[in-house]
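Reproduced below: protein26.txt, with compact mmCIF, C-alpha atoms.
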```txt
# COMPACT_ATOMS: atom_id res chain seq x y z
CA MET N 8 -13.60 -16.12 -22.61
CA LEU N 9 -9.95 -17.00 -21.94
CA VAL N 10 -7.88 -13.92 -21.08
CA LEU N 11 -4.12 -13.61 -20.70
CA GLY N 12 -3.15 -10.95 -18.14
CA LEU N 13 0.20 -9.15 -17.97
CA GLU N 14 1.33 -6.98 -15.03
CA THR N 15 4.56 -4.96 -15.37
CA SER N 16 3.80 -1.68 -13.60
CA CYS N 17 6.74 -1.64 -11.20
CA ASP N 18 9.05 -4.31 -9.79
CA GLU N 19 7.09 -7.54 -10.26
CA THR N 20 6.38 -9.37 -13.50
CA GLY N 21 3.02 -11.11 -13.28
CA VAL N 22 1.29 -13.32 -15.84
CA ALA N 23 -2.01 -15.21 -15.51
CA LEU N 24 -4.71 -17.00 -17.47
CA TYR N 25 -8.30 -16.37 -16.42
CA ASP N 26 -11.31 -18.14 -17.90
CA SER N 27 -14.69 -16.48 -17.49
CA ALA N 28 -16.34 -19.89 -17.00
CA GLN N 29 -13.66 -21.80 -15.05
CA GLY N 30 -11.94 -19.01 -13.13
CA LEU N 31 -8.20 -18.65 -12.67
CA LEU N 32 -6.36 -21.42 -14.53
CA ALA N 33 -2.73 -20.52 -13.82
CA ASP N 34 -0.57 -17.62 -12.70
CA ALA N 35 3.11 -16.90 -12.20
CA LEU N 36 5.05 -14.05 -10.64
CA PHE N 37 8.68 -12.96 -10.59
CA SER N 38 9.65 -10.43 -7.93
CA GLN N 39 12.61 -8.08 -8.42
CA ILE N 40 13.08 -7.45 -4.68
CA ASP N 41 16.60 -8.90 -4.59
CA LEU N 42 17.58 -6.80 -7.62
CA HIS N 43 16.48 -3.49 -6.05
CA ARG N 44 17.19 -4.19 -2.37
CA VAL N 45 20.84 -3.18 -2.67
CA TYR N 46 19.67 0.31 -3.76
CA GLY N 47 17.03 0.64 -1.04
CA GLY N 48 14.23 1.11 -3.57
CA VAL N 49 13.12 0.49 -7.13
CA VAL N 50 15.47 1.61 -9.92
CA PRO N 51 13.15 2.21 -12.92
CA GLU N 52 15.65 1.36 -15.67
CA LEU N 53 16.63 -1.91 -13.99
CA ALA N 54 12.96 -2.77 -13.49
CA SER N 55 12.18 -2.26 -17.18
CA ARG N 56 15.13 -4.37 -18.30
CA ASP N 57 14.16 -7.22 -16.00
CA HIS N 58 10.56 -7.20 -17.25
CA VAL N 59 11.92 -7.65 -20.79
CA LYS N 60 13.85 -10.68 -19.59
CA ARG N 61 11.00 -12.31 -17.64
CA VAL N 62 7.72 -11.68 -19.44
CA LEU N 63 7.94 -14.18 -22.33
CA PRO N 64 9.25 -17.12 -20.22
CA LEU N 65 6.46 -16.48 -17.71
CA ILE N 66 3.85 -16.46 -20.49
CA ARG N 67 5.14 -19.84 -21.71
CA GLN N 68 5.13 -21.16 -18.14
CA VAL N 69 1.53 -20.12 -17.49
CA LEU N 70 0.29 -21.54 -20.80
CA ASP N 71 2.04 -24.85 -20.10
CA GLU N 72 0.61 -25.09 -16.56
CA ALA N 73 -2.90 -24.43 -17.86
CA GLY N 74 -2.52 -26.83 -20.77
CA ARG N 75 -3.33 -24.08 -23.26
CA THR N 76 -1.63 -22.43 -26.23
CA LEU N 77 -1.66 -18.85 -27.45
CA GLN N 78 -4.17 -19.92 -30.11
CA ASN N 79 -6.65 -20.69 -27.30
CA VAL N 80 -6.48 -17.14 -25.90
CA ASP N 81 -9.50 -14.94 -26.67
CA GLY N 82 -8.15 -11.63 -25.35
CA ILE N 83 -5.18 -10.01 -23.65
CA ALA N 84 -5.22 -7.60 -20.70
CA TYR N 85 -2.21 -5.59 -19.63
CA THR N 86 -1.51 -2.95 -17.01
CA SER N 87 -1.68 0.41 -18.75
CA GLY N 88 -1.09 2.56 -15.66
CA PRO N 89 -0.45 4.07 -13.26
CA GLY N 90 3.15 3.00 -12.77
CA LEU N 91 6.68 3.39 -14.12
CA VAL N 92 6.32 4.25 -17.79
CA GLY N 93 9.29 2.17 -18.93
CA ALA N 94 8.04 -0.87 -17.05
CA LEU N 95 4.47 -0.38 -18.30
CA LEU N 96 5.66 -0.19 -21.89
CA VAL N 97 7.18 -3.66 -21.67
CA GLY N 98 3.86 -5.31 -20.87
CA ALA N 99 1.87 -3.01 -23.14
CA SER N 100 4.04 -3.56 -26.22
CA CYS N 101 4.16 -7.32 -25.61
CA ALA N 102 0.38 -7.52 -25.22
CA ARG N 103 -0.30 -5.36 -28.27
CA ALA N 104 2.10 -7.34 -30.47
CA MET N 105 0.54 -10.68 -29.48
CA ALA N 106 -3.01 -9.37 -29.87
CA PHE N 107 -2.21 -8.05 -33.34
CA ALA N 108 -0.55 -11.32 -34.40
CA LEU N 109 -3.42 -13.43 -33.05
CA ASP N 110 -6.13 -11.02 -34.28
CA ILE N 111 -7.76 -10.84 -30.84
CA PRO N 112 -8.76 -7.84 -28.71
CA ALA N 113 -6.51 -6.32 -26.07
CA ILE N 114 -7.30 -3.89 -23.30
CA GLY N 115 -5.26 -1.72 -20.97
CA VAL N 116 -6.22 -2.20 -17.32
CA HIS N 117 -5.96 0.33 -14.51
CA HIS N 118 -3.52 -1.05 -11.95
CA MET N 119 -5.57 0.02 -8.92
CA GLU N 120 -8.79 -1.33 -10.42
CA GLY N 121 -6.96 -4.63 -10.64
CA HIS N 122 -6.14 -4.45 -6.94
CA LEU N 123 -9.68 -3.38 -6.07
CA LEU N 124 -11.14 -6.40 -7.91
CA ALA N 125 -8.58 -8.95 -6.65
CA PRO N 126 -10.94 -10.15 -3.86
CA MET N 127 -13.34 -11.22 -6.62
CA LEU N 128 -10.93 -14.12 -7.25
CA GLU N 129 -11.81 -15.63 -3.86
CA GLU N 130 -14.53 -18.20 -3.14
CA GLN N 131 -16.72 -15.65 -1.38
CA PRO N 132 -16.37 -12.39 -3.33
CA PRO N 133 -18.01 -9.18 -2.08
CA GLU N 134 -21.25 -7.93 -3.58
CA PHE N 135 -21.71 -4.35 -4.79
CA PRO N 136 -21.94 -1.74 -3.36
CA PHE N 137 -19.06 -1.52 -0.89
CA VAL N 138 -16.38 0.81 0.39
CA ALA N 139 -12.84 -0.04 -0.73
CA LEU N 140 -9.61 0.87 1.03
CA LEU N 141 -6.84 0.84 -1.56
CA VAL N 142 -3.59 0.85 0.35
CA SER N 143 -0.22 0.28 -1.29
CA GLY N 144 3.20 1.79 -1.81
CA GLY N 145 1.83 4.46 -4.13
CA HIS N 146 -1.80 4.87 -3.11
CA THR N 147 -3.97 5.26 -0.04
CA GLN N 148 -7.57 5.87 -1.08
CA LEU N 149 -11.10 5.29 0.16
CA VAL N 150 -13.51 4.65 -2.70
CA ARG N 151 -17.23 3.94 -2.89
CA VAL N 152 -17.74 1.10 -5.38
CA ASP N 153 -21.18 0.60 -6.95
CA GLY N 154 -19.95 -1.64 -9.76
CA ILE N 155 -16.97 -2.14 -12.04
CA GLY N 156 -16.01 1.32 -13.25
CA ARG N 157 -18.57 3.00 -10.99
CA TYR N 158 -16.26 4.63 -8.46
CA ALA N 159 -16.54 7.68 -6.24
CA LEU N 160 -13.43 8.92 -4.46
CA LEU N 161 -14.16 9.52 -0.77
CA GLY N 162 -10.69 10.43 0.44
CA GLU N 163 -6.99 9.91 -0.23
CA SER N 164 -3.55 10.70 1.12
CA ILE N 165 -2.39 14.28 0.69
CA ASP N 166 1.27 13.22 0.92
CA ASP N 167 2.92 9.82 1.47
CA ALA N 168 0.89 6.68 0.87
CA ALA N 169 0.79 4.22 3.76
CA GLY N 170 3.06 1.74 2.00
CA GLU N 171 5.53 4.49 1.19
CA ALA N 172 5.55 5.50 4.87
CA PHE N 173 6.29 1.89 5.83
CA ASP N 174 9.25 1.79 3.42
CA LYS N 175 10.68 5.13 4.56
CA THR N 176 10.25 4.32 8.25
CA ALA N 177 11.97 0.98 7.75
CA LYS N 178 14.88 2.77 6.09
CA MET N 179 15.15 5.15 9.08
CA LEU N 180 15.44 2.14 11.38
CA GLY N 181 18.06 0.47 9.20
CA LEU N 182 15.74 -2.26 7.92
CA ARG N 183 15.82 -3.82 4.48
CA TYR N 184 13.67 -2.90 1.49
CA PRO N 185 10.73 -3.43 1.08
CA GLY N 186 9.87 -1.99 4.46
CA GLY N 187 6.32 -3.20 5.07
CA PRO N 188 7.08 -6.86 5.79
CA GLU N 189 10.23 -5.89 7.73
CA ILE N 190 8.34 -3.47 10.00
CA ALA N 191 5.58 -6.05 10.59
CA LYS N 192 8.09 -8.77 11.44
CA LEU N 193 10.04 -6.55 13.82
CA ALA N 194 6.84 -5.27 15.44
CA GLU N 195 6.05 -8.80 16.62
CA GLN N 196 8.93 -8.42 19.10
CA GLY N 197 7.85 -4.97 20.27
CA VAL N 198 6.32 -3.87 23.56
CA SER N 199 3.18 -1.80 23.20
CA GLY N 200 2.83 1.60 24.87
CA ARG N 201 6.45 2.66 25.14
CA PHE N 202 6.29 5.22 22.32
CA LYS N 203 3.38 7.61 21.74
CA LEU N 204 2.80 8.45 18.09
CA PRO N 205 0.00 10.52 16.49
CA ARG N 206 -2.97 9.17 14.54
CA PRO N 207 -2.80 11.74 11.73
CA MET N 208 -5.93 13.69 10.74
CA THR N 209 -8.25 11.59 12.93
CA ASP N 210 -8.97 14.55 15.23
CA ARG N 211 -10.91 16.37 12.52
CA PRO N 212 -13.76 15.52 10.10
CA GLY N 213 -13.06 14.07 6.70
CA LEU N 214 -11.59 11.04 4.99
CA GLU N 215 -8.20 12.37 3.89
CA PHE N 216 -4.93 10.76 5.01
CA SER N 217 -1.48 12.12 5.84
CA PHE N 218 1.47 9.99 6.90
CA SER N 219 4.43 12.36 6.48
CA GLY N 220 4.04 13.78 10.01
CA LEU N 221 3.86 10.29 11.50
CA LYS N 222 7.08 9.43 9.72
CA THR N 223 8.72 12.54 11.19
CA SER N 224 7.53 11.57 14.67
CA VAL N 225 9.22 8.19 14.32
CA LEU N 226 12.44 9.89 13.24
CA ASN N 227 12.35 12.23 16.25
CA GLN N 228 11.79 9.33 18.65
CA TRP N 229 14.65 7.39 17.09
CA HIS N 230 16.96 10.40 17.43
CA LYS N 231 16.07 10.56 21.14
CA CYS N 232 16.90 6.88 21.51
CA ARG N 233 20.27 7.43 19.88
CA ALA N 234 21.02 10.47 22.03
CA ALA N 235 20.30 8.36 25.12
CA ALA N 236 22.39 5.46 23.78
CA ASP N 237 19.18 3.43 23.78
CA ASP N 238 19.11 2.61 20.06
CA ASN N 239 19.15 -1.17 20.59
CA GLU N 240 17.09 -3.88 18.90
CA GLN N 241 14.35 -3.78 21.54
CA SER N 242 13.90 -0.03 21.12
CA LYS N 243 13.77 -0.53 17.39
CA ALA N 244 11.10 -3.23 17.78
CA ASP N 245 9.05 -1.09 20.18
CA LEU N 246 9.15 1.83 17.75
CA ALA N 247 8.23 -0.41 14.80
CA LEU N 248 5.21 -1.65 16.76
CA ALA N 249 4.16 1.88 17.69
CA PHE N 250 4.39 2.94 14.05
CA GLU N 251 2.41 -0.04 12.80
CA GLN N 252 -0.28 0.53 15.44
CA ALA N 253 -0.55 4.20 14.49
CA VAL N 254 -1.03 3.38 10.79
CA VAL N 255 -3.51 0.59 11.52
CA ASP N 256 -5.53 2.76 13.94
CA THR N 257 -5.62 5.63 11.46
CA LEU N 258 -6.80 3.44 8.59
CA THR N 259 -9.40 1.74 10.78
CA ILE N 260 -10.84 5.03 12.04
CA LYS N 261 -11.12 6.40 8.50
CA CYS N 262 -12.69 3.20 7.17
CA ARG N 263 -15.33 3.29 9.89
CA ARG N 264 -16.13 6.91 9.03
CA ALA N 265 -16.45 6.05 5.35
CA LEU N 266 -18.79 3.11 6.00
CA GLU N 267 -20.99 5.19 8.31
CA GLN N 268 -21.01 8.11 5.86
CA GLU N 269 -22.06 5.90 2.95
CA GLY N 270 -24.45 3.75 4.98
CA LEU N 271 -22.68 0.53 3.96
CA GLN N 272 -21.53 -2.55 5.88
CA ARG N 273 -19.15 -4.13 3.37
CA LEU N 274 -15.48 -3.16 3.21
CA VAL N 275 -12.84 -4.34 0.74
CA ILE N 276 -9.16 -3.81 1.46
CA ALA N 277 -6.72 -4.22 -1.41
CA GLY N 278 -3.13 -3.45 -2.31
CA GLY N 279 0.18 -4.53 -0.83
CA VAL N 280 -0.47 -3.19 2.69
CA SER N 281 -3.73 -5.17 2.85
CA ALA N 282 -1.58 -8.25 3.55
CA ASN N 283 -0.62 -6.77 6.94
CA THR N 284 -2.01 -9.08 9.63
CA ALA N 285 -2.53 -6.35 12.23
CA LEU N 286 -4.54 -4.27 9.75
CA ARG N 287 -6.74 -7.21 8.83
CA GLN N 288 -7.42 -8.04 12.47
CA SER N 289 -8.27 -4.44 13.32
CA LEU N 290 -10.66 -4.06 10.40
CA GLU N 291 -12.31 -7.42 11.10
CA GLN N 292 -12.93 -6.33 14.70
CA MET N 293 -14.33 -2.99 13.57
CA LEU N 294 -16.68 -4.60 11.01
CA ALA N 295 -17.84 -7.11 13.62
CA GLU N 296 -18.91 -4.17 15.80
CA LEU N 297 -20.87 -2.79 12.85
CA ASN N 298 -22.34 -6.22 11.98
CA GLY N 299 -20.59 -5.91 8.64
CA GLU N 300 -18.07 -7.85 6.57
CA VAL N 301 -14.54 -7.23 5.38
CA PHE N 302 -13.13 -8.82 2.22
CA TYR N 303 -9.57 -9.15 0.97
CA ALA N 304 -7.52 -11.26 -1.41
CA ARG N 305 -5.20 -14.05 -0.33
CA PRO N 306 -1.72 -12.64 0.47
CA ARG N 307 -0.13 -13.55 -2.88
CA PHE N 308 -2.81 -11.55 -4.69
CA CYS N 309 -2.37 -8.49 -2.47
CA THR N 310 0.91 -7.53 -4.10
CA ASP N 311 1.13 -6.86 -7.84
CA ASN N 312 0.11 -9.91 -9.86
CA GLY N 313 -1.18 -10.97 -13.25
CA ALA N 314 -4.34 -12.64 -11.93
CA MET N 315 -5.99 -9.37 -10.92
CA ILE N 316 -5.19 -7.85 -14.33
CA ALA N 317 -6.55 -10.87 -16.18
CA TYR N 318 -9.77 -10.78 -14.13
CA ALA N 319 -10.32 -7.03 -14.51
CA GLY N 320 -9.53 -7.15 -18.21
CA CYS N 321 -11.86 -10.11 -18.72
CA GLN N 322 -14.81 -8.22 -17.23
CA ARG N 323 -14.25 -5.28 -19.56
CA LEU N 324 -13.66 -7.44 -22.63
CA LEU N 325 -16.88 -9.36 -21.89
CA ALA N 326 -18.66 -6.00 -21.80
CA GLY N 327 -17.39 -5.30 -25.32
CA GLN N 328 -14.70 -2.82 -24.33
CA HIS N 329 -11.34 -2.88 -26.08
CA GLU N 330 -8.88 -0.41 -27.55
CA ASN N 331 -7.24 0.35 -30.86
CA LEU N 332 -3.68 -0.63 -31.74
CA ALA N 333 -2.10 2.35 -29.97
CA ILE N 334 0.18 1.33 -27.10
CA SER N 335 -0.96 3.08 -23.93
CA ALA N 336 1.17 3.61 -20.83
CA ARG N 337 0.22 6.22 -18.23
CA ALA N 338 2.33 7.17 -15.24
CA ARG N 339 -0.72 8.87 -13.70
CA TRP N 340 -4.31 7.86 -14.29
CA PRO N 341 -7.21 8.76 -11.97
CA MET N 342 -9.35 5.67 -11.48
CA MET N 343 -12.49 7.79 -11.45
CA GLU N 344 -12.01 8.38 -15.21
CA LEU N 345 -12.72 4.73 -16.04
CA GLU N 346 -15.81 3.78 -18.01
CA PRO N 347 -18.47 1.74 -16.18
CA VAL N 348 -19.14 -1.86 -17.18
```
Would you write out, as structure tokens, the structure that this file holds?
Amino acid sequence: MLVLGLETSCDETGVALYDSAQGLLADALFSQIDLHRVYGGVVPELASRDHVKRVLPLIRQVLDEAGRTLQNVDGIAYTSGPGLVGALLVGASCARAMAFALDIPAIGVHHMEGHLLAPMLEEQPPEFPFVALLVSGGHTQLVRVDGIGRYALLGESIDDAAGEAFDKTAKMLGLRYPGGPEIAKLAEQGVSGRFKLPRPMTDRPGLEFSFSGLKTSVLNQWHKCRAAADDNEQSKADLALAFEQAVVDTLTIKCRRALEQEGLQRLVIAGGVSANTALRQSLEQMLAELNGEVFYARPRFCTDNGAMIAYAGCQRLLAGQHENLAISARARWPMMELEPV
């Protein structure tokens, strides 16, 4: 089955062609970072307008690269949620219109399920069951995964997601949007041990996360630096490193707890923050101690992309799942509500 995947949930337009027999044939992505950077974050109306501009040219590009035409496509998958409703509607309406015109099935895909399954695009995909850490700008969740659509929520953030904390901390330090890559880059110049920051909610049982207090601790430390006229680039780098280490340690501790609680030795990390090198190294070390394995997608498939949507949609279409002609876009959508495959 040849599936066209469309991703328009936020600030990146992604399109891909996935073949159930041959794998990923082609994919393309347009990032709106430069458009939103001047505002310090995503402006929903601008995001929606840019998706309208980009989606059709990217579809043509992907079809040309794969040597296929729309008439070769057997099904269309699009991100139905969660995300910005206006942005979601661009991909959803485009997918529905093409599916209707071509008389082929279409299916709305859960954005975070797409992220969770992105490592399946790699040469050595994980086997079920496993624990998944979904860590992005909008989500920080630990999930037990027994199969596609067979998910059990183990714990999640009660306030800011990890990626959101990265963005807000970067803004405090005067860094550019998006904050995750900027913090990681600056942290490479930092000296470890100068600033002491908390590892939130690791001193108590459970698998919940909280990053708002950590963010406040960074702000307090930065205010002290300014008061002492010590708010130079080295102090900024040292604080960025301390923040990154605190987030990485917190996530690693919680992942270890989840694996031990579920009696599993396979961990998948997915979402934008999963591209962070320090996080990958920490989790790899932890899994080595447990004689386990950690899986993740290549960096370009960690951020939003069409390939993960095409893959996830293909698995559900192969299972006979599809939807009626109604256009579906959901700002909020618990992943645990999904049907199993």
Could you list as a PyMOL selection string every residue that has an atom within 8 Å of (-14.4, -19.0, -10.6), using the file's coordinates and counting all atoms listed in the file? chain N and resi 26-31+128-130
Work out how far apart CA of Ala277 (chain N) and CA of Ser143 (chain N) are and give it in Å to one decimal. 7.9 Å
For Gly327 (chain N): contacts at 10 Å, only C-alpha atoms, fewer than 6 positions along chain excluded, given as a ChimeraX atom specification: /N:112,321,348
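With all atoms listed in the file as the basis for measurement, N:Ile276 is the residue among N:Leu266, N:Ile276, N:Gln252, N:Gln292 that approaches Phe308 (chain N) most closely.
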In the coordinates of the file, take the point (-11.1, 8.3, 8.9) and a cut-off of 10 Å; then, counting only C-alpha atoms, name each qualifying protein, DNA or RNA residue as a ChimeraX atom specification. /N:149,162,206-216,256-266
Incomplete region 278-289 of chain N brought to all heavy atoms, written out as a PDB file, in the coordinates of the input:
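Result written to part.pdb:
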```pdb
ATOM      1  N   GLY N 278      -4.451  -4.050  -2.188  1.00  0.00           N
ATOM      2  CA  GLY N 278      -3.130  -3.450  -2.310  1.00  0.00           C
ATOM      3  C   GLY N 278      -2.141  -4.137  -1.388  1.00  0.00           C
ATOM      4  O   GLY N 278      -2.528  -4.915  -0.502  1.00  0.00           O
ATOM      5  N   GLY N 279      -0.865  -3.840  -1.571  1.00  0.00           N
ATOM      6  CA  GLY N 279       0.180  -4.530  -0.830  1.00  0.00           C
ATOM      7  C   GLY N 279       0.037  -4.491   0.677  1.00  0.00           C
ATOM      8  O   GLY N 279       0.273  -5.483   1.373  1.00  0.00           O
ATOM      9  N   VAL N 280      -0.362  -3.332   1.233  1.00  0.00           N
ATOM     10  CA  VAL N 280      -0.470  -3.190   2.690  1.00  0.00           C
ATOM     11  C   VAL N 280      -1.644  -3.994   3.234  1.00  0.00           C
ATOM     12  O   VAL N 280      -1.692  -4.303   4.424  1.00  0.00           O
ATOM     13  CB  VAL N 280      -0.575  -1.704   3.079  1.00  0.00           C
ATOM     14  CG1 VAL N 280      -0.643  -1.525   4.590  1.00  0.00           C
ATOM     15  CG2 VAL N 280       0.622  -0.919   2.532  1.00  0.00           C
ATOM     16  N   SER N 281      -2.586  -4.387   2.378  1.00  0.00           N
ATOM     17  CA  SER N 281      -3.730  -5.170   2.850  1.00  0.00           C
ATOM     18  C   SER N 281      -3.321  -6.560   3.330  1.00  0.00           C
ATOM     19  O   SER N 281      -4.116  -7.260   3.965  1.00  0.00           O
ATOM     20  CB  SER N 281      -4.793  -5.295   1.745  1.00  0.00           C
ATOM     21  OG  SER N 281      -4.355  -6.135   0.693  1.00  0.00           O
ATOM     22  N   ALA N 282      -2.078  -6.959   3.051  1.00  0.00           N
ATOM     23  CA  ALA N 282      -1.580  -8.250   3.550  1.00  0.00           C
ATOM     24  C   ALA N 282      -1.140  -8.159   5.006  1.00  0.00           C
ATOM     25  O   ALA N 282      -0.883  -9.196   5.638  1.00  0.00           O
ATOM     26  CB  ALA N 282      -0.412  -8.719   2.685  1.00  0.00           C
ATOM     27  N   ASN N 283      -1.063  -6.947   5.557  1.00  0.00           N
ATOM     28  CA  ASN N 283      -0.620  -6.770   6.940  1.00  0.00           C
ATOM     29  C   ASN N 283      -1.619  -7.406   7.907  1.00  0.00           C
ATOM     30  O   ASN N 283      -2.801  -7.054   7.913  1.00  0.00           O
ATOM     31  CB  ASN N 283      -0.467  -5.269   7.227  1.00  0.00           C
ATOM     32  CG  ASN N 283       0.053  -4.998   8.625  1.00  0.00           C
ATOM     33  OD1 ASN N 283      -0.711  -5.006   9.588  1.00  0.00           O
ATOM     34  ND2 ASN N 283       1.342  -4.754   8.735  1.00  0.00           N
ATOM     35  N   THR N 284      -1.135  -8.327   8.723  1.00  0.00           N
ATOM     36  CA  THR N 284      -2.010  -9.080   9.630  1.00  0.00           C
ATOM     37  C   THR N 284      -2.693  -8.182  10.650  1.00  0.00           C
ATOM     38  O   THR N 284      -3.891  -8.342  10.942  1.00  0.00           O
ATOM     39  CB  THR N 284      -1.210 -10.173  10.347  1.00  0.00           C
ATOM     40  OG1 THR N 284      -0.618 -11.045   9.377  1.00  0.00           O
ATOM     41  CG2 THR N 284      -2.104 -10.995  11.264  1.00  0.00           C
ATOM     42  N   ALA N 285      -1.948  -7.241  11.227  1.00  0.00           N
ATOM     43  CA  ALA N 285      -2.530  -6.350  12.230  1.00  0.00           C
ATOM     44  C   ALA N 285      -3.652  -5.511  11.647  1.00  0.00           C
ATOM     45  O   ALA N 285      -4.673  -5.281  12.298  1.00  0.00           O
ATOM     46  CB  ALA N 285      -1.447  -5.445  12.817  1.00  0.00           C
ATOM     47  N   LEU N 286      -3.501  -5.061  10.409  1.00  0.00           N
ATOM     48  CA  LEU N 286      -4.540  -4.270   9.750  1.00  0.00           C
ATOM     49  C   LEU N 286      -5.780  -5.124   9.530  1.00  0.00           C
ATOM     50  O   LEU N 286      -6.904  -4.682   9.791  1.00  0.00           O
ATOM     51  CB  LEU N 286      -4.022  -3.709   8.429  1.00  0.00           C
ATOM     52  CG  LEU N 286      -5.039  -2.912   7.599  1.00  0.00           C
ATOM     53  CD1 LEU N 286      -5.572  -1.718   8.367  1.00  0.00           C
ATOM     54  CD2 LEU N 286      -4.425  -2.477   6.273  1.00  0.00           C
ATOM     55  N   ARG N 287      -5.604  -6.335   9.066  1.00  0.00           N
ATOM     56  CA  ARG N 287      -6.740  -7.210   8.830  1.00  0.00           C
ATOM     57  C   ARG N 287      -7.508  -7.479  10.128  1.00  0.00           C
ATOM     58  O   ARG N 287      -8.743  -7.433  10.162  1.00  0.00           O
ATOM     59  CB  ARG N 287      -6.281  -8.535   8.213  1.00  0.00           C
ATOM     60  CG  ARG N 287      -5.759  -8.389   6.798  1.00  0.00           C
ATOM     61  CD  ARG N 287      -5.525  -9.734   6.151  1.00  0.00           C
ATOM     62  NE  ARG N 287      -5.097  -9.587   4.756  1.00  0.00           N
ATOM     63  CZ  ARG N 287      -5.148 -10.547   3.843  1.00  0.00           C
ATOM     64  NH1 ARG N 287      -5.607 -11.743   4.191  1.00  0.00           N
ATOM     65  NH2 ARG N 287      -4.748 -10.339   2.605  1.00  0.00           N
ATOM     66  N   GLN N 288      -6.776  -7.749  11.192  1.00  0.00           N
ATOM     67  CA  GLN N 288      -7.420  -8.040  12.470  1.00  0.00           C
ATOM     68  C   GLN N 288      -8.192  -6.828  12.987  1.00  0.00           C
ATOM     69  O   GLN N 288      -9.314  -6.966  13.496  1.00  0.00           O
ATOM     70  CB  GLN N 288      -6.366  -8.474  13.491  1.00  0.00           C
ATOM     71  CG  GLN N 288      -5.747  -9.837  13.189  1.00  0.00           C
ATOM     72  CD  GLN N 288      -4.606 -10.184  14.127  1.00  0.00           C
ATOM     73  OE1 GLN N 288      -4.069  -9.311  14.829  1.00  0.00           O
ATOM     74  NE2 GLN N 288      -4.210 -11.446  14.147  1.00  0.00           N
ATOM     75  N   SER N 289      -7.608  -5.652  12.842  1.00  0.00           N
ATOM     76  CA  SER N 289      -8.270  -4.440  13.320  1.00  0.00           C
ATOM     77  C   SER N 289      -9.546  -4.161  12.534  1.00  0.00           C
ATOM     78  O   SER N 289     -10.587  -3.817  13.109  1.00  0.00           O
ATOM     79  CB  SER N 289      -7.313  -3.250  13.206  1.00  0.00           C
ATOM     80  OG  SER N 289      -7.937  -2.056  13.607  1.00  0.00           O
TER      81      SER N 289
END
```
